[in-house]
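> Structure incoming, see below.
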Amino acid sequence: QLLKMAIDLDTGNPKATTVPVILYVIRLCCRILNAMSFLYLHRIGSHPSIHQPLRNTDIGDRVLGILKEGQNELQNMLLNKIVPILKFWNKHLSEETRKMDRQALLDLNTTIQCNIHAHILAIFRNVSELNENSCTIILSSLTFLTGRHTWNQSV
């Protein structure tokens, strides 16, 4: 529900005042999806690194079904609703960057795009079945961040 409300806040402008709220909700949903994925994989015995029982955690078959259904629903919404928004924002910023000659605006747009690409990667963290399209998106985001992101520098 919260993610649907965040989608409604999108104006199509990656510099809108609602963007930080939308990105916060995306990060929150990604963290929830991480937790759901962890609990599901642990319960079915498929987690790659943790095999000991979790303290005070009993996930029965009913809860397992709810976890899987919720995980699928949230992941589908992130992939099918949020990723297209983020890709549109990136396209908008790229087009704006091509048309300008001011270094300050270029730096601002690049910083915003780095933030967008980082959110795209967070969304794809728990995607278990990758296809050509998802691999292209992941590699594009990694390439963009590798060449443009600056670490520990204030903007």
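Residues in the structure tokens are named by chain (A, B, ... in the order shown) and by number from 1 within that chain; ligands are numbered from 1 in the order shown.
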Env of range 5-14 of chain A: 12 Å cut, atoms = only C-alpha atoms, seq-sep filter 4 positions within chain, self excluded. Answer as a ChimeraX atom specification.
/A:1,18-29,77-78,80-94,96,108-113,115-116
> List the spatial neighbours of range 63-73 of chain A as an MDAnalysis selection string - criterion: any atom at most 12 Å away, only C-alpha atoms, same-chain residues fewer than 4 positions off excluded.
chainID A and resid 1 3:4 29:44 57:59 77:81 126:128
> Using C-alpha atoms, can you export the residues from the last selection as a PDB file, in the first residue's frame?

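Ended up saving to result_36.pdb:
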ATOM      1  CA  GLN A   1       0.000   0.000   0.000  1.00  0.00           C
ATOM      2  CA  LEU A   3       4.565   1.680  -2.394  1.00  0.00           C
ATOM      3  CA  LYS A   4       1.371   2.382  -4.325  1.00  0.00           C
ATOM      4  CA  CYS A  29      10.404  -1.965   0.447  1.00  0.00           C
ATOM      5  CA  CYS A  30      13.751  -3.400  -0.675  1.00  0.00           C
ATOM      6  CA  ARG A  31      14.712  -4.000   2.956  1.00  0.00           C
ATOM      7  CA  ILE A  32      11.370  -5.652   3.662  1.00  0.00           C
ATOM      8  CA  LEU A  33      11.837  -7.804   0.565  1.00  0.00           C
ATOM      9  CA  ASN A  34      15.339  -8.756   1.783  1.00  0.00           C
ATOM     10  CA  ALA A  35      13.910  -9.868   5.135  1.00  0.00           C
ATOM     11  CA  MET A  36      11.066 -11.795   3.490  1.00  0.00           C
ATOM     12  CA  SER A  37      13.495 -13.493   1.137  1.00  0.00           C
ATOM     13  CA  PHE A  38      15.825 -14.404   3.991  1.00  0.00           C
ATOM     14  CA  LEU A  39      13.030 -15.882   6.108  1.00  0.00           C
ATOM     15  CA  TYR A  40      11.577 -17.814   3.181  1.00  0.00           C
ATOM     16  CA  LEU A  41      14.914 -19.265   2.050  1.00  0.00           C
ATOM     17  CA  HIS A  42      15.888 -20.131   5.621  1.00  0.00           C
ATOM     18  CA  ARG A  43      12.574 -21.860   6.285  1.00  0.00           C
ATOM     19  CA  ILE A  44      12.771 -24.026   3.140  1.00  0.00           C
ATOM     20  CA  THR A  57      11.221 -17.739  15.086  1.00  0.00           C
ATOM     21  CA  ASP A  58       8.689 -20.343  14.085  1.00  0.00           C
ATOM     22  CA  ILE A  59       7.562 -20.097  10.493  1.00  0.00           C
ATOM     23  CA  MET A  77       5.508  -4.170  -8.072  1.00  0.00           C
ATOM     24  CA  LEU A  78       9.130  -3.060  -7.735  1.00  0.00           C
ATOM     25  CA  LEU A  79      10.126  -4.593 -11.067  1.00  0.00           C
ATOM     26  CA  ASN A  80       7.045  -3.677 -13.090  1.00  0.00           C
ATOM     27  CA  LYS A  81       6.081  -0.294 -11.615  1.00  0.00           C
ATOM     28  CA  ASN A 126      16.701 -10.616  -4.566  1.00  0.00           C
ATOM     29  CA  VAL A 127      15.742 -11.429  -8.144  1.00  0.00           C
ATOM     30  CA  SER A 128      16.485 -15.124  -8.425  1.00  0.00           C
TER      31      SER A 128
END
> Please measure the separation of CA of His119 in chain A and CA of Ala104 in chain A, giving the value in Å to one decimal.
23.1 Å
> Which is closer to Phe144 in chain A than all the others in A:Ala122, A:Arg62, A:Cys114, A:Leu130, using only C-alpha atoms?
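Using only C-alpha atoms, Phe144 in chain A sits closest to A:Cys114.
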